[in-house]
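Student: Encoded as structure tokens, here's the structure I'll be asking about.
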Amino acid sequence: MRDSSTTHAPTWPATLKRATNAVLYSSTWLALAAVALTWASFLFWRVHIPPRLAGLIFAATLFLYNLDSVLPYKYSQKLVLSERKLWMRQHRRELFGLALVSLAGAGALFFYDGWLHLIGFLAHLALISVLYSLPLVRVRGKWRALRDLPLLKVFLIAYVWAAVTVWVPALYLGIPLSTPELQLLFARRFFLILALAFVFDIRDYTKDRLTGTYTFPGVFGVRATKWIALAALLISCVLLPHNITLRQGMLLLLPAALAAAVIWYADETRPDYYFALLTDGVMIVYFLAVYWAM
């Protein structure tokens, strides 16, 4: 007879789920999406992304998002915890360690590649990113960060992501930020990220209401927010380059179709994978579409 006390090895589905959770909830998937969007910008000029710059973008994204996930004040909030939040609480020490390693890696790559002449420009993006979640002002007994300013969250996210994934490649290649085609690319990326950012506001609808954060879903309602997000997405589609072929245009519109579906069916009751895997995955699909088109 088999001893009932024998510890059974984990099944493949359980192992796969643990690995998927680790990739998604540690922001590794999101960091890959940041690299993918940056690479897509390089492909606009038919240049592949330099490996060290890809590493810098990856490490910096990992640091910022894992720093956000381990901030102490978030663990004192009495909220209903999703699977993602529970996983983060259970792995808080590992996430903090990952943030420190990512910071060291980003710093080493930053100084190695000689970006010191751009430190003023990059500093304002870093400052926005850190202050986005770091509470510095106490209002009515509660600590507030930039993300808590009414309706500002999505615009901060769209600006920083568009600046990092469009302006940084341009600066690397020595292209002036005032170039009209670059401004068009920046605007297109801004509105794409803005549209996706609204999805995460919908995800956090109840949490933001409980913490007193005024977001578009809380002020205008979830349905109205979806229409606003679709309008932002439409603007990004209208801003496609004028000198592309029909085939290229169709390929570049594929991610928009996926994004539209994700926005329309977004709901805070959706599983965490809907947001962490599918919504962030739109950015990966965007890169693939640009790669095939260009």
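We name chains A, B, ... following the order of the structure tokens; residues begin at 1 in each chain, and ligands are numbered from 1 as shown.
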Excluding A:Phe58 and residues on its chain fewer than 2 positions from it, collect all residues at most 10 Å away from it, counting only C-alpha atoms, and give them as number ranges by chain.
Tutor: A: 27-36, 52-56, 60-63, 102, 105-106
Student: Could you write out that same residue set with all heavy atoms as a compact mmCIF listing (two decimals), in the first residue's frame?
Tutor:
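part38.txt, freshly written:
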# COMPACT_ATOMS: atom_id res chain seq x y z
N SER A 27 5.77 41.88 -12.17
CA SER A 27 5.91 42.91 -13.21
C SER A 27 6.94 42.56 -14.27
O SER A 27 7.33 43.43 -15.06
CB SER A 27 6.25 44.28 -12.59
OG SER A 27 5.22 44.72 -11.74
N THR A 28 7.37 41.30 -14.32
CA THR A 28 8.31 40.89 -15.36
C THR A 28 7.67 40.99 -16.74
O THR A 28 8.30 41.46 -17.70
CB THR A 28 8.79 39.44 -15.10
OG1 THR A 28 9.41 39.37 -13.81
CG2 THR A 28 9.78 39.00 -16.16
N TRP A 29 6.42 40.56 -16.85
CA TRP A 29 5.69 40.64 -18.12
C TRP A 29 5.52 42.10 -18.54
O TRP A 29 5.69 42.46 -19.71
CB TRP A 29 4.33 39.96 -17.94
CG TRP A 29 3.40 40.00 -19.11
CD1 TRP A 29 2.20 40.65 -19.19
CD2 TRP A 29 3.55 39.34 -20.39
NE1 TRP A 29 1.60 40.43 -20.41
CE2 TRP A 29 2.40 39.63 -21.17
CE3 TRP A 29 4.54 38.52 -20.94
CZ2 TRP A 29 2.22 39.15 -22.46
CZ3 TRP A 29 4.36 38.04 -22.23
CH2 TRP A 29 3.22 38.35 -22.97
N LEU A 30 5.23 42.97 -17.57
CA LEU A 30 5.09 44.39 -17.85
C LEU A 30 6.40 45.01 -18.30
O LEU A 30 6.43 45.84 -19.21
CB LEU A 30 4.57 45.11 -16.60
CG LEU A 30 4.22 46.59 -16.75
CD1 LEU A 30 3.07 46.78 -17.76
CD2 LEU A 30 3.84 47.19 -15.41
N ALA A 31 7.51 44.59 -17.68
CA ALA A 31 8.83 45.10 -18.09
C ALA A 31 9.16 44.66 -19.51
O ALA A 31 9.76 45.42 -20.29
CB ALA A 31 9.89 44.62 -17.11
N LEU A 32 8.78 43.43 -19.86
CA LEU A 32 8.98 42.96 -21.23
C LEU A 32 8.14 43.80 -22.20
O LEU A 32 8.57 44.10 -23.32
CB LEU A 32 8.59 41.49 -21.34
CG LEU A 32 9.54 40.49 -20.68
CD1 LEU A 32 8.94 39.08 -20.70
CD2 LEU A 32 10.90 40.49 -21.38
N ALA A 33 6.93 44.18 -21.78
CA ALA A 33 6.08 45.01 -22.62
C ALA A 33 6.72 46.38 -22.84
O ALA A 33 6.64 46.96 -23.93
CB ALA A 33 4.70 45.17 -21.98
N ALA A 34 7.37 46.92 -21.81
CA ALA A 34 8.05 48.21 -21.95
C ALA A 34 9.19 48.11 -22.96
O ALA A 34 9.38 49.01 -23.78
CB ALA A 34 8.58 48.67 -20.59
N VAL A 35 9.93 47.02 -22.89
CA VAL A 35 11.01 46.81 -23.86
C VAL A 35 10.42 46.66 -25.27
O VAL A 35 10.96 47.20 -26.24
CB VAL A 35 11.84 45.56 -23.49
CG1 VAL A 35 12.85 45.24 -24.58
CG2 VAL A 35 12.55 45.78 -22.16
N ALA A 36 9.32 45.92 -25.37
CA ALA A 36 8.69 45.70 -26.68
C ALA A 36 8.23 47.02 -27.31
O ALA A 36 8.45 47.26 -28.51
CB ALA A 36 7.50 44.75 -26.53
N ARG A 52 21.84 46.81 -24.49
CA ARG A 52 22.04 47.45 -23.18
C ARG A 52 20.90 48.40 -22.84
O ARG A 52 20.50 48.52 -21.69
CB ARG A 52 23.39 48.17 -23.14
CG ARG A 52 24.59 47.23 -23.09
CD ARG A 52 25.84 47.95 -22.62
NE ARG A 52 26.21 49.05 -23.51
CZ ARG A 52 27.01 48.91 -24.58
NH1 ARG A 52 27.50 47.72 -24.88
NH2 ARG A 52 27.31 49.94 -25.34
N LEU A 53 20.37 49.09 -23.86
CA LEU A 53 19.24 49.97 -23.62
C LEU A 53 18.00 49.15 -23.26
O LEU A 53 17.22 49.53 -22.38
CB LEU A 53 18.96 50.84 -24.85
CG LEU A 53 17.77 51.79 -24.71
CD1 LEU A 53 17.97 52.76 -23.55
CD2 LEU A 53 17.55 52.56 -26.01
N ALA A 54 17.83 48.02 -23.93
CA ALA A 54 16.71 47.13 -23.59
C ALA A 54 16.83 46.68 -22.14
O ALA A 54 15.84 46.64 -21.40
CB ALA A 54 16.70 45.92 -24.53
N GLY A 55 18.05 46.35 -21.72
CA GLY A 55 18.27 45.95 -20.34
C GLY A 55 17.96 47.07 -19.36
O GLY A 55 17.39 46.83 -18.28
N LEU A 56 18.34 48.30 -19.73
CA LEU A 56 18.07 49.45 -18.88
C LEU A 56 16.57 49.68 -18.71
O LEU A 56 16.08 49.88 -17.59
CB LEU A 56 18.73 50.70 -19.48
CG LEU A 56 18.43 52.04 -18.78
CD1 LEU A 56 18.89 52.01 -17.34
CD2 LEU A 56 19.08 53.18 -19.55
N ALA A 60 14.70 49.20 -15.13
CA ALA A 60 14.06 50.37 -14.54
C ALA A 60 12.57 50.14 -14.32
O ALA A 60 12.01 50.54 -13.29
CB ALA A 60 14.28 51.59 -15.44
N THR A 61 11.91 49.47 -15.26
CA THR A 61 10.49 49.16 -15.11
C THR A 61 10.26 48.20 -13.95
O THR A 61 9.34 48.39 -13.14
CB THR A 61 9.92 48.56 -16.41
OG1 THR A 61 10.20 49.43 -17.51
CG2 THR A 61 8.42 48.36 -16.31
N LEU A 62 11.10 47.17 -13.86
CA LEU A 62 10.99 46.22 -12.75
C LEU A 62 11.15 46.94 -11.41
O LEU A 62 10.41 46.68 -10.46
CB LEU A 62 12.08 45.14 -12.87
CG LEU A 62 11.73 43.86 -13.62
CD1 LEU A 62 12.88 42.87 -13.49
CD2 LEU A 62 10.45 43.23 -13.07
N PHE A 63 12.13 47.83 -11.33
CA PHE A 63 12.37 48.54 -10.08
C PHE A 63 11.16 49.38 -9.68
O PHE A 63 10.66 49.29 -8.55
CB PHE A 63 13.60 49.44 -10.21
CG PHE A 63 13.69 50.47 -9.11
CD1 PHE A 63 13.92 50.10 -7.80
CD2 PHE A 63 13.52 51.82 -9.41
CE1 PHE A 63 13.98 51.04 -6.78
CE2 PHE A 63 13.58 52.77 -8.40
CZ PHE A 63 13.81 52.39 -7.09
N SER A 102 17.09 45.18 -9.43
CA SER A 102 16.75 45.91 -10.66
C SER A 102 17.31 47.32 -10.62
O SER A 102 17.80 47.84 -11.63
CB SER A 102 15.23 45.97 -10.83
OG SER A 102 14.68 44.67 -10.90
N GLY A 105 20.98 47.10 -11.34
CA GLY A 105 21.20 46.82 -12.76
C GLY A 105 20.94 48.04 -13.62
O GLY A 105 21.70 48.34 -14.54
N ALA A 106 19.85 48.75 -13.33
CA ALA A 106 19.53 49.95 -14.11
C ALA A 106 20.60 51.02 -13.93
O ALA A 106 21.01 51.69 -14.88
CB ALA A 106 18.16 50.49 -13.69
Student: Find the residues near A:Ala22: any atom within 12 Å, counting only C-alpha atoms, skip ones fewer than 6 places away on the same chain, and give them as an MDAnalysis selection string.
Tutor: chainID A and resid 15:16 28:30 83:84 87:88 90:92 94:95 98 273 276:277
Student: Could you name the residues that touch stretch 111-127 of chain A at 10 Å or less, counting only C-alpha atoms, but leaving out those on the same chain fewer than 2 positions away, as a VMD selection string?
Tutor: chain A and resid 52 to 53 56 60 64 106 to 109 129 to 132 156 159 to 161 163 to 164 168 171 to 172
Student: Export, as an mmCIF file, in the first residue's frame, the selected residues with N, CA and C atoms.
Tutor:
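Saved the output as result.cif:
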data_model
loop_
_atom_site.group_PDB
_atom_site.id
_atom_site.type_symbol
_atom_site.label_atom_id
_atom_site.label_comp_id
_atom_site.auth_asym_id
_atom_site.auth_seq_id
_atom_site.Cartn_x
_atom_site.Cartn_y
_atom_site.Cartn_z
ATOM 1 N N ARG A 52 21.844 46.806 -24.488
ATOM 2 C CA ARG A 52 22.045 47.447 -23.175
ATOM 3 C C ARG A 52 20.902 48.399 -22.844
ATOM 4 N N LEU A 53 20.375 49.088 -23.861
ATOM 5 C CA LEU A 53 19.238 49.970 -23.617
ATOM 6 C C LEU A 53 17.998 49.147 -23.262
ATOM 7 N N LEU A 56 18.335 48.298 -19.732
ATOM 8 C CA LEU A 56 18.070 49.450 -18.877
ATOM 9 C C LEU A 56 16.571 49.675 -18.713
ATOM 10 N N ALA A 60 14.704 49.199 -15.131
ATOM 11 C CA ALA A 60 14.062 50.372 -14.543
ATOM 12 C C ALA A 60 12.572 50.138 -14.319
ATOM 13 N N LEU A 64 10.655 50.200 -10.599
ATOM 14 C CA LEU A 64 9.590 51.141 -10.263
ATOM 15 C C LEU A 64 8.303 50.425 -9.871
ATOM 16 N N ALA A 106 19.851 48.754 -13.332
ATOM 17 C CA ALA A 106 19.530 49.948 -14.108
ATOM 18 C C ALA A 106 20.598 51.021 -13.926
ATOM 19 N N GLY A 107 21.067 51.179 -12.688
ATOM 20 C CA GLY A 107 22.113 52.172 -12.425
ATOM 21 C C GLY A 107 23.400 51.855 -13.163
ATOM 22 N N ALA A 108 23.788 50.576 -13.127
ATOM 23 C CA ALA A 108 25.019 50.169 -13.805
ATOM 24 C C ALA A 108 24.926 50.406 -15.308
ATOM 25 N N LEU A 109 23.789 50.054 -15.912
ATOM 26 C CA LEU A 109 23.616 50.241 -17.349
ATOM 27 C C LEU A 109 23.527 51.722 -17.711
ATOM 28 N N SER A 129 7.606 59.068 -11.777
ATOM 29 C CA SER A 129 7.364 57.642 -11.550
ATOM 30 C C SER A 129 7.425 57.297 -10.071
ATOM 31 N N VAL A 130 8.389 57.868 -9.349
ATOM 32 C CA VAL A 130 8.530 57.574 -7.919
ATOM 33 C C VAL A 130 7.421 58.255 -7.121
ATOM 34 N N LEU A 131 7.155 59.536 -7.425
ATOM 35 C CA LEU A 131 6.137 60.271 -6.674
ATOM 36 C C LEU A 131 4.723 59.823 -7.023
ATOM 37 N N TYR A 132 4.583 59.071 -8.112
ATOM 38 C CA TYR A 132 3.270 58.553 -8.501
ATOM 39 C C TYR A 132 2.645 57.748 -7.362
ATOM 40 N N LEU A 156 -0.670 60.631 -16.172
ATOM 41 C CA LEU A 156 0.705 60.439 -15.728
ATOM 42 C C LEU A 156 1.296 59.173 -16.329
ATOM 43 N N TYR A 159 1.863 59.621 -20.130
ATOM 44 C CA TYR A 159 2.984 60.510 -20.438
ATOM 45 C C TYR A 159 4.323 59.803 -20.208
ATOM 46 N N VAL A 160 4.493 59.175 -19.052
ATOM 47 C CA VAL A 160 5.781 58.542 -18.737
ATOM 48 C C VAL A 160 6.063 57.396 -19.696
ATOM 49 N N TRP A 161 5.071 56.561 -19.958
ATOM 50 C CA TRP A 161 5.287 55.430 -20.860
ATOM 51 C C TRP A 161 5.591 55.905 -22.278
ATOM 52 N N ALA A 163 6.898 58.814 -23.122
ATOM 53 C CA ALA A 163 8.205 59.470 -23.107
ATOM 54 C C ALA A 163 9.339 58.448 -23.104
ATOM 55 N N VAL A 164 9.194 57.407 -22.287
ATOM 56 C CA VAL A 164 10.251 56.395 -22.193
ATOM 57 C C VAL A 164 10.364 55.592 -23.479
ATOM 58 N N VAL A 168 13.024 58.360 -25.482
ATOM 59 C CA VAL A 168 14.325 57.769 -25.155
ATOM 60 C C VAL A 168 14.986 57.154 -26.393
ATOM 61 N N LEU A 171 16.300 60.080 -28.476
ATOM 62 C CA LEU A 171 17.501 60.669 -27.897
ATOM 63 C C LEU A 171 18.709 59.768 -28.115
ATOM 64 N N TYR A 172 18.500 58.474 -28.024
ATOM 65 C CA TYR A 172 19.584 57.520 -28.256
ATOM 66 C C TYR A 172 20.110 57.637 -29.679
#
Student: Give me the residues near stretch 199-202 of chain A as a PyMOL selection string, where near means some atom within 7 Å (using only C-alpha atoms) and where sequence neighbours in that chain fewer than 2 positions away do not count.
Tutor: chain A and resi 196-197+204-205+215+217+222+263+266-268
Student: Select from stretch 19-65 of chain A everything DSSP, run on the backbone, classes as helix (DSSP H, G or I), then give the selection as a PyMOL selection string.
Tutor: chain A and resi 19-25+28-44+51-65
Student: Excluding A:Leu230 and residues on its chain fewer than 6 positions from it, collect all residues at most 9 Å away from it, counting only C-alpha atoms, and give them as a list of chain:residue names.
Tutor: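 These residues fall inside the cut-off: A:Ala195, A:Ala259, A:Ala260, A:Ile263, A:Trp264.
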